[in-house]
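Heads up, the thing below is written out as structure tokens.
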Amino acid sequence: MTILTRLEQWKECGIISSEQHKLLAGLSRGEPFSLFLELNILLYAGILAFIAGLGWTINTWSQQLGDVVILTFLTAMLATCFWYCFSRAPAWSPGETPPPSLVFDYVLYLGSLTWSLELAYFETRFHLLSGQWDLYLLATAGLFFFLAYWFDNRFVLSLALSTLAGWFGLTISHWPSNQDAAYRQYAILYSLMVGGAGAALQRRGLKPHFFGTYLNIAANVLFWALLSGVFNREGYLIWLLCLVAACGASLAWGLKRRQFSFVAYAAVYGYVGVSAVLIRDMNDGTVVLSYFVFTGVAMLVMLVQIARRFGREA
Amino acid sequence: MRAYSASSEEALHARDLLKDWSGEGLLTAEQCHRLEQETVFELRRTNIFLRLALFAFTLIIVGAAVGLFFAVFLSHSGEQTTGIFLLIFAALSYAAAEIAVSRAKLYRYGIEEALAACSVGFLCVGMQIAFFGGVFSSPTSGGTGFLVPAAGAIVSLWIWHRFGLPYASLAAMIFVVWLPGYWTSSPSWQHLIVAAFYAAGLVTVAAVRPRHRFTHLNKEYSIAEALLWLGIYLAINLQLSSVNLLGRWWGGSRATNEFSGPFYWSTWILIWCLPPIALARGLRRKDRFVIAVGAIVAILTLATNKPYLGWPRHTWDPMLLGALLIGVALLVRRWLAKGPGEIRHGFTARRLSGKDKRWMNVGVATIGLVSPSIMTPSPETGSPDAHFGGGDSGGGGATSDF
């Protein structure tokens with residue numbers, strides 16, 4: 001029985017109206033057929049290709065083109081993008097706001113990327129802040145956060161979060177020694193800060209639909225940082241304990257909120273971390289393989305139980 | 001022949017549509033609840049994250065169990081014995097997948113998928129070790145070595161047909177890439193043979209599809225057809241050819257000047273002919289996957305045209321490509337929006353499904369983080385004055401690498 005036959009039956013039984021039947025049967029047949037996703041992907045790919053080409057061209061031909069031409073062009077582009085967005089933006093609301101048009105989000109994204117390009121060019125040419133990239137990145141992250149919240153744009157929110165991560169990374173590059181440990185600490189600090197800020201903003205009702213983006217990024221950065229500590233030859237036990245605690249929290253959160261990506265994070269990161277500690281001194285291949293068989297079965301049983309109890313729907 | 005009953009899969013398909021329509025407000029919660037009772041199915045499935053985790057852990061268990069068996073019982077065995085036992089494990093894995101489906105009613109659950117994948121892997125490695133002496137022996141013409149990828153392709157196709165796993169058809173296509181290396185050393189013939197296999201597959205799928213147009217199998221055939229279009233394109237585009245890439249991985253690169261002039265220029269003509277054909281077919285059949293492949297191969301043709309002709313690349317080429325993509329998207333959107341009810345020829349730019357929004361959200365979260373590193377490529381050429389170095393890269397594209 002195809003969906004069209006079912007719809008016919010449901011209409012005859014009076015479960016759906018004739019109008020609903022007409023609409024749903026049309027959708028099932030692809031009438032009309034939506035090109036929404038395809039057009040969005042084309043716009044996104046187009047903007048990325050355009051900015052990549054622009055960056056490459058400026059990089060290669062900056063001497064021939066000259067600062068005035070480049071900065072005028074970039075500034076004009078930036079001003080046009082931001083003028084378009086500010087002049088057409090709907091009234092601000094703390095909740096989810098749909099964009100006024102298909103291209104709106106992409107114009108803002110183009111403007112944000114142009115800003116990054118212009119700022120980078122400006123500093124490399126004129127050294128206004130004597131190469132203090134940290135400050136540029138922090139300011140840019142702040143601007144992107146403002147734009148993301150003002151225009152309700154997840155593209156720019158992702159840029160803001162990655163720019164903030166870049167700021168943490170740049171601070172480490174100035175660290176004189178022991179970079180790995182410092183990197184880990186900064187990564188943990190970043191993830192806690194991002195997760196905490198996301199939770200606080202959600203609690204205040206400020207674009208609460210952004211919370212998922214914050215939490216996923218924070219969780220992955222945190223798990224990577226903790227795993228890097230677990231893989232240390234010395235002093236790894238404290239990191240293992242932290243990893244187990246983080247996995248427990250992730251599992252509890254995932255089950256409570258039915259967000260199964262967090263259950264998967266807990267299972268995979270936790271398994272990798274615990275296994276790395278347990279098998280690091282095992283030299284017998286048979287013992288190692290036995291370990292993987294038994295622990296793998298245990299994990300599988302646990303995940304099947306979780307899937308049966310909580311995660312039935314695709 | 002199918003592991004699942006048609007009624008179960010159709011009910012599952014209907015349930016997915018109900019969920020989507022309900023999410024879009026096309027059905028009331030009460031209607032949705034009542035209709036869900038009309039679409040009961042016996043299959044057990046789970047969400048994508050648990051599915052991936054279950055797939056990974058099943059692979060670990062099967063791999064470790066087989067490794068343990070060899071370590072305990074066959075640590076000093078010869079190659080042939082190892083190969084034969086791997087063939088036995090292939091059969092056991094496949095049997096376990098069948099049992100997982102028939103008894104436990106698993107459907108896209110990760111476990112049965114991993115078992116089926118293991119069966120293909122063990123079969124190919126086992127055959128290679130048992131009959132052709134070692135995993136790493138390179139393909140030579142004239143022998144029966146082609147039986148290994150042929151068996152891999154056939155079993156992958158069987159798994160695709162039996163379990164409906166879309167990536168099994170992709171696996172079959174990848175196995176086909178290895179086949180011509182056993183039959184001829186001519187790169188041109190290798191390309192032609194691979195393209196001919198894919199074309200034969202495409203004709204078969206195109207012939208079978210119409211009767212499944214509005215059934216649950218439509219999506220499966222759509223993905224297979226799209227992959228075959230992509231495969232044919234990659235086989236004939238000598239700048240990105242899969243045969244060529246695999247040849248490089250296998251050892252020693254092949255230059256495009258090894259191809260004869262007529263063959264080379266024929267493929268150039270074909271890479272311009274294929275995208276409009278694929279796009280036209282996708283649009284005529286309103287097939288999302290074929291439309292996507294048509295668009296991808298069109299972009300690939302634009303991107304590889306200059307190397308094909310031996311013309312130099314320019315730094316502004318990506319800009320022109322980007323402007324073209326943006327322009328096409330805007331023109332299509334505007335043209336559709338001007339139609340009655342924002343619909344023209346059965347197409348609209350409006351979002352009609354909640355799935356589109358979910359895909360967008362996932363895409364933004366993942367690709368949005370990757371994009372900044374893409375947008376500032378390192379320079380191809382440049383004088384010391386034109387290149388400004390120093391600093392470290394950061395997010396948001398604000399790199400100091402100018």
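Going by the structure tokens order, chains are called A, B, ..., each with residues numbered from 1, while ligands are numbered from 1 in the order shown.
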
Which residues are near stretch 225-232 of chain A? Cut-off 10 Å, only C-alpha atoms, ignore same chain within fewer than 4 positions. Put them as JSON, numbers by chain. {"A": [180, 181, 183, 184, 185, 186, 187, 188, 189, 191, 219, 220, 221, 236, 237, 238, 239, 240, 241, 242, 243, 244, 246, 269, 270, 272, 273, 274, 276, 277, 280]}

Residue with the minimum atom-to-atom distance to chain B, picked from A:Leu192, A:Val107, A:Ala89, A:Leu137 with only C-alpha atoms counted, is A:Leu137

With only C-alpha atoms as the counted atoms, please give the residues lying no more than 12 Å from stretch 290-295 of chain A, apart from itself and same-chain residues fewer than 4 positions off, as a tab-separated table (two decimals) with N, CA and C atoms, in the first residue's frame.
```tsv
chain	number	residue	atom	x	y	z
A	267	ALA	N	29.39	7.73	25.02
A	267	ALA	CA	29.79	6.34	24.75
A	267	ALA	C	31.15	6.29	24.05
A	270	GLY	N	34.07	8.29	26.05
A	270	GLY	CA	34.33	7.57	27.29
A	270	GLY	C	35.04	6.26	27.02
A	271	TYR	N	34.57	5.53	26.01
A	271	TYR	CA	35.18	4.23	25.69
A	271	TYR	C	36.64	4.41	25.27
A	272	VAL	N	36.88	5.40	24.43
A	272	VAL	CA	38.25	5.64	23.94
A	272	VAL	C	39.17	5.99	25.12
A	274	VAL	N	38.77	5.50	28.52
A	274	VAL	CA	38.96	4.42	29.50
A	274	VAL	C	39.82	3.31	28.89
A	275	SER	N	39.55	2.97	27.64
A	275	SER	CA	40.34	1.91	26.98
A	275	SER	C	41.81	2.30	26.88
A	276	ALA	N	42.07	3.58	26.57
A	276	ALA	CA	43.46	4.03	26.44
A	276	ALA	C	44.23	3.81	27.74
A	278	LEU	N	43.30	1.60	30.25
A	278	LEU	CA	43.33	0.19	30.65
A	278	LEU	C	44.28	-0.65	29.82
A	279	ILE	N	44.41	-0.36	28.54
A	279	ILE	CA	45.25	-1.24	27.70
A	279	ILE	C	46.66	-0.68	27.49
A	280	ARG	N	46.98	0.44	28.12
A	280	ARG	CA	48.29	1.04	27.82
A	280	ARG	C	49.46	0.17	28.30
A	282	MET	N	49.15	-3.21	28.63
A	282	MET	CA	48.94	-4.60	28.19
A	282	MET	C	49.84	-4.88	26.99
A	284	ASP	N	50.19	-8.23	25.86
A	284	ASP	CA	49.72	-9.46	25.25
A	284	ASP	C	48.55	-9.15	24.30
A	285	GLY	N	48.75	-9.45	23.02
A	285	GLY	CA	47.72	-9.17	22.01
A	285	GLY	C	46.41	-9.87	22.32
A	286	THR	N	46.49	-11.08	22.85
A	286	THR	CA	45.28	-11.84	23.15
A	286	THR	C	44.45	-11.14	24.22
A	299	MET	N	29.31	-2.49	25.93
A	299	MET	CA	28.86	-1.20	25.39
A	299	MET	C	27.66	-1.39	24.47
A	300	LEU	N	27.73	-2.44	23.66
A	300	LEU	CA	26.63	-2.70	22.72
A	300	LEU	C	25.32	-2.97	23.48
A	301	VAL	N	25.43	-3.80	24.51
A	301	VAL	CA	24.23	-4.12	25.30
A	301	VAL	C	23.67	-2.84	25.93
A	302	MET	N	24.57	-2.03	26.48
A	302	MET	CA	24.11	-0.79	27.11
A	302	MET	C	23.43	0.12	26.08
B	57	PHE	N	30.61	0.07	17.51
B	57	PHE	CA	30.92	-0.96	18.51
B	57	PHE	C	30.76	-2.37	17.94
B	58	THR	N	29.83	-2.55	17.01
B	58	THR	CA	29.71	-3.87	16.38
B	58	THR	C	30.97	-4.18	15.56
B	59	LEU	N	31.47	-3.17	14.85
B	59	LEU	CA	32.71	-3.38	14.10
B	59	LEU	C	33.85	-3.77	15.03
B	60	ILE	N	33.94	-3.07	16.18
B	60	ILE	CA	35.02	-3.37	17.15
B	60	ILE	C	34.90	-4.81	17.64
B	61	ILE	N	33.67	-5.20	18.00
B	61	ILE	CA	33.47	-6.56	18.53
B	61	ILE	C	33.84	-7.61	17.48
B	62	VAL	N	33.31	-7.45	16.28
B	62	VAL	CA	33.56	-8.47	15.24
B	62	VAL	C	35.05	-8.52	14.89
B	63	GLY	N	35.65	-7.35	14.72
B	63	GLY	CA	37.08	-7.30	14.38
B	63	GLY	C	37.93	-7.93	15.47
B	64	ALA	N	37.63	-7.59	16.73
B	64	ALA	CA	38.42	-8.13	17.84
B	64	ALA	C	38.18	-9.62	18.01
B	65	ALA	N	36.93	-10.06	17.81
B	65	ALA	CA	36.62	-11.49	17.98
B	65	ALA	C	37.36	-12.32	16.92
B	66	VAL	N	37.36	-11.83	15.70
B	66	VAL	CA	38.07	-12.56	14.63
B	66	VAL	C	39.58	-12.55	14.91
B	67	GLY	N	40.09	-11.40	15.33
B	67	GLY	CA	41.52	-11.29	15.67
B	67	GLY	C	41.88	-12.24	16.80
B	68	LEU	N	41.00	-12.31	17.79
B	68	LEU	CA	41.23	-13.20	18.94
B	68	LEU	C	41.25	-14.66	18.50
B	69	PHE	N	40.32	-15.00	17.61
B	69	PHE	CA	40.26	-16.38	17.12
B	69	PHE	C	41.59	-16.76	16.45
B	71	ALA	N	44.48	-15.29	16.92
B	71	ALA	CA	45.58	-15.25	17.89
B	71	ALA	C	45.62	-16.51	18.74
B	72	VAL	N	44.45	-17.05	19.09
B	72	VAL	CA	44.40	-18.21	19.99
B	72	VAL	C	44.58	-19.52	19.23
```

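Proximity ranking of B:Phe214, B:Phe175, B:Tyr308, B:Phe263 relative to chain A places B:Phe214 first, based on only C-alpha atoms.
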
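Distance check against B:Phe289 using only C-alpha atoms: of B:Trp21, B:Tyr221, B:Trp178, B:Trp272, the minimum falls on B:Tyr221.
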
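With distances restricted to only C-alpha atoms, B:Leu35 is the closest residue to chain A from B:Val297, B:Leu35, B:Leu279, B:Ile271.
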
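One finds atom CA of B:Glu220 at 16.6 Å from atom CA of B:Tyr198.
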
For A:Ser18, find every residue with an atom within 12 Å (counting only C-alpha atoms), except residues of its own chain fewer than 6 positions away, and show them as a PDB file with C-alpha atoms, in the first residue's frame.
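Okay, this is what ended up in part34.pdb:
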```pdb
ATOM      1  CA  LEU A   7      -4.175   9.059   2.008  1.00  0.00           C
ATOM      2  CA  GLU A   8      -7.199   8.045  -0.067  1.00  0.00           C
ATOM      3  CA  GLN A   9      -8.314   5.663   2.694  1.00  0.00           C
ATOM      4  CA  TRP A  10      -7.816   8.265   5.408  1.00  0.00           C
ATOM      5  CA  LYS A  11      -9.905  10.727   3.446  1.00  0.00           C
ATOM      6  CA  GLU A  12     -12.702   8.177   2.980  1.00  0.00           C
ATOM      7  CA  LEU A  24      -0.680  15.939   1.199  1.00  0.00           C
ATOM      8  CA  ALA A  25      -1.140  13.818  -1.934  1.00  0.00           C
TER       9      ALA A  25
END
```

Write out as a PyMOL selection string which residues come within 12 Å of B:Thr348 when counting only C-alpha atoms, dropping same-chain ones fewer than 6 positions away. (chain A and resi 27+30-39) or (chain B and resi 286+332-342)

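When only C-alpha atoms are used to compute distances to B:Gln31, the closest of the residues A:Leu23, A:Leu78, A:Ile16, A:Leu108 turns out to be A:Ile16.
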
I need the residues in stretch 54-259 of chain A that are alpha helix (DSSP H) according to DSSP; give them as number ranges by chain. A: 54-65, 67-88, 104-126, 133-151, 154-173, 179-203, 211-230, 237-257

Keeping only C-alpha atoms, write the selected residues as a short mmCIF file (atom, residue, chain, number, x, y, z; two decimals), in the first residue's frame.
```cif
data_model
loop_
_atom_site.label_atom_id
_atom_site.label_comp_id
_atom_site.auth_asym_id
_atom_site.auth_seq_id
_atom_site.Cartn_x
_atom_site.Cartn_y
_atom_site.Cartn_z
CA LEU A 54 38.74 37.34 -3.30
CA GLY A 55 41.22 36.43 -0.57
CA TRP A 56 43.45 34.62 -3.04
CA THR A 57 43.34 37.51 -5.52
CA ILE A 58 44.18 40.11 -2.86
CA ASN A 59 46.91 37.88 -1.54
CA THR A 60 48.51 37.52 -4.96
CA TRP A 61 47.89 40.92 -6.52
CA SER A 62 47.96 43.29 -3.55
CA GLN A 63 51.07 45.08 -4.81
CA GLN A 64 49.66 45.68 -8.28
CA LEU A 65 46.20 46.65 -7.07
CA ASP A 67 45.98 49.48 -0.78
CA VAL A 68 43.48 52.14 -1.83
CA VAL A 69 41.77 49.98 -4.44
CA ILE A 70 41.63 46.92 -2.19
CA LEU A 71 40.42 48.73 0.90
CA THR A 72 37.87 50.75 -1.08
CA PHE A 73 36.49 47.62 -2.70
CA LEU A 74 36.32 45.67 0.57
CA THR A 75 34.82 48.61 2.46
CA ALA A 76 32.20 49.15 -0.24
CA MET A 77 31.27 45.49 -0.15
CA LEU A 78 31.12 45.48 3.63
CA ALA A 79 29.01 48.63 3.76
CA THR A 80 26.60 47.30 1.13
CA CYS A 81 26.15 44.00 2.96
CA PHE A 82 25.55 45.62 6.34
CA TRP A 83 23.32 48.34 4.86
CA TYR A 84 21.22 45.62 3.21
CA CYS A 85 20.91 43.67 6.45
CA PHE A 86 20.21 46.60 8.77
CA SER A 87 17.70 48.16 6.36
CA ARG A 88 15.74 44.95 5.85
CA PHE A 104 19.27 37.71 3.87
CA ASP A 105 21.30 35.26 5.98
CA TYR A 106 23.84 34.86 3.19
CA VAL A 107 24.34 38.59 2.70
CA LEU A 108 25.11 38.87 6.41
CA TYR A 109 27.48 35.92 6.16
CA LEU A 110 29.21 37.53 3.17
CA GLY A 111 29.52 40.77 5.11
CA SER A 112 31.02 38.97 8.11
CA LEU A 113 33.57 37.15 5.99
CA THR A 114 34.43 40.40 4.18
CA TRP A 115 34.99 42.05 7.56
CA SER A 116 37.46 39.32 8.50
CA LEU A 117 39.25 39.70 5.18
CA GLU A 118 39.49 43.47 5.42
CA LEU A 119 40.65 43.40 9.02
CA ALA A 120 43.35 40.86 8.24
CA TYR A 121 44.54 42.92 5.27
CA PHE A 122 44.50 46.13 7.28
CA GLU A 123 46.61 44.73 10.10
CA THR A 124 49.14 42.96 7.88
CA ARG A 125 49.65 46.17 5.87
CA PHE A 126 49.54 48.86 8.53
CA TRP A 133 45.99 39.30 16.52
CA ASP A 134 44.40 38.28 19.80
CA LEU A 135 42.72 41.65 20.11
CA TYR A 136 41.44 41.58 16.54
CA LEU A 137 40.03 38.14 17.03
CA LEU A 138 38.39 39.04 20.32
CA ALA A 139 36.84 42.17 18.82
CA THR A 140 35.74 40.24 15.72
CA ALA A 141 34.21 37.50 17.87
CA GLY A 142 32.32 40.20 19.80
CA LEU A 143 31.05 41.75 16.56
CA PHE A 144 29.98 38.37 15.20
CA PHE A 145 28.15 37.51 18.42
CA PHE A 146 26.32 40.82 18.20
CA LEU A 147 25.40 40.24 14.54
CA ALA A 148 24.34 36.64 15.20
CA TYR A 149 22.01 37.69 18.02
CA TRP A 150 20.75 40.82 16.29
CA PHE A 151 19.86 39.07 13.02
CA ARG A 154 23.44 30.64 12.95
CA PHE A 155 26.07 30.97 10.22
CA VAL A 156 27.49 34.02 11.95
CA LEU A 157 27.11 32.39 15.38
CA SER A 158 29.31 29.54 14.16
CA LEU A 159 31.82 32.11 12.90
CA ALA A 160 31.72 33.88 16.27
CA LEU A 161 32.35 30.66 18.18
CA SER A 162 35.22 29.64 15.89
CA THR A 163 36.70 33.14 16.08
CA LEU A 164 36.55 32.98 19.86
CA ALA A 165 38.26 29.60 19.70
CA GLY A 166 40.90 31.24 17.51
CA TRP A 167 41.42 33.89 20.16
CA PHE A 168 42.07 31.20 22.75
CA GLY A 169 44.42 29.48 20.29
CA LEU A 170 46.36 32.66 19.59
CA THR A 171 46.88 33.31 23.25
CA ILE A 172 48.51 29.92 23.52
CA SER A 173 50.83 30.65 20.62
CA GLN A 179 52.12 24.37 25.09
CA ASP A 180 50.26 21.09 25.15
CA ALA A 181 49.19 21.41 28.79
CA ALA A 182 48.37 25.07 28.32
CA TYR A 183 46.39 24.32 25.19
CA ARG A 184 44.36 21.77 27.12
CA GLN A 185 43.63 24.21 29.90
CA TYR A 186 42.55 26.88 27.45
CA ALA A 187 40.40 24.42 25.54
CA ILE A 188 38.68 23.41 28.79
CA LEU A 189 38.25 27.03 29.75
CA TYR A 190 36.81 27.78 26.30
CA SER A 191 34.36 24.90 26.44
CA LEU A 192 33.21 25.77 29.96
CA MET A 193 32.84 29.41 29.00
CA VAL A 194 30.93 28.66 25.81
CA GLY A 195 28.71 26.07 27.50
CA GLY A 196 28.07 28.38 30.47
CA ALA A 197 27.34 31.39 28.29
CA GLY A 198 25.00 29.34 26.12
CA ALA A 199 23.13 28.07 29.16
CA ALA A 200 22.89 31.54 30.70
CA LEU A 201 21.58 33.07 27.48
CA GLN A 202 19.08 30.27 27.07
CA ARG A 203 17.89 30.72 30.65
CA PHE A 211 21.77 26.67 22.78
CA GLY A 212 22.22 23.43 20.83
CA THR A 213 25.04 24.95 18.78
CA TYR A 214 26.83 26.18 21.92
CA LEU A 215 26.45 22.89 23.70
CA ASN A 216 27.63 20.70 20.84
CA ILE A 217 30.75 22.79 20.29
CA ALA A 218 31.50 23.02 24.02
CA ALA A 219 31.03 19.26 24.50
CA ASN A 220 33.31 18.30 21.62
CA VAL A 221 36.07 20.71 22.60
CA LEU A 222 35.85 19.56 26.22
CA PHE A 223 36.00 15.88 25.32
CA TRP A 224 38.97 16.40 22.98
CA ALA A 225 40.81 18.35 25.67
CA LEU A 226 40.15 15.74 28.34
CA LEU A 227 41.12 12.91 25.99
CA SER A 228 44.43 14.64 25.23
CA GLY A 229 45.10 14.61 29.00
CA VAL A 230 44.16 10.93 29.28
CA LEU A 237 44.37 9.79 36.23
CA ILE A 238 42.92 13.18 37.08
CA TRP A 239 42.03 13.65 33.41
CA LEU A 240 40.45 10.22 33.33
CA LEU A 241 38.29 11.10 36.32
CA CYS A 242 37.28 14.36 34.65
CA LEU A 243 36.49 12.48 31.44
CA VAL A 244 34.31 9.95 33.26
CA ALA A 245 32.48 12.78 35.04
CA ALA A 246 31.96 14.62 31.74
CA CYS A 247 30.70 11.44 30.09
CA GLY A 248 28.27 10.88 32.95
CA ALA A 249 26.97 14.42 32.63
CA SER A 250 26.71 14.10 28.84
CA LEU A 251 24.83 10.81 29.14
CA ALA A 252 22.43 12.18 31.73
CA TRP A 253 21.80 15.30 29.67
CA GLY A 254 21.31 13.32 26.47
CA LEU A 255 18.81 10.95 28.06
CA LYS A 256 16.93 13.66 29.92
CA ARG A 257 16.61 15.94 26.89
#
```
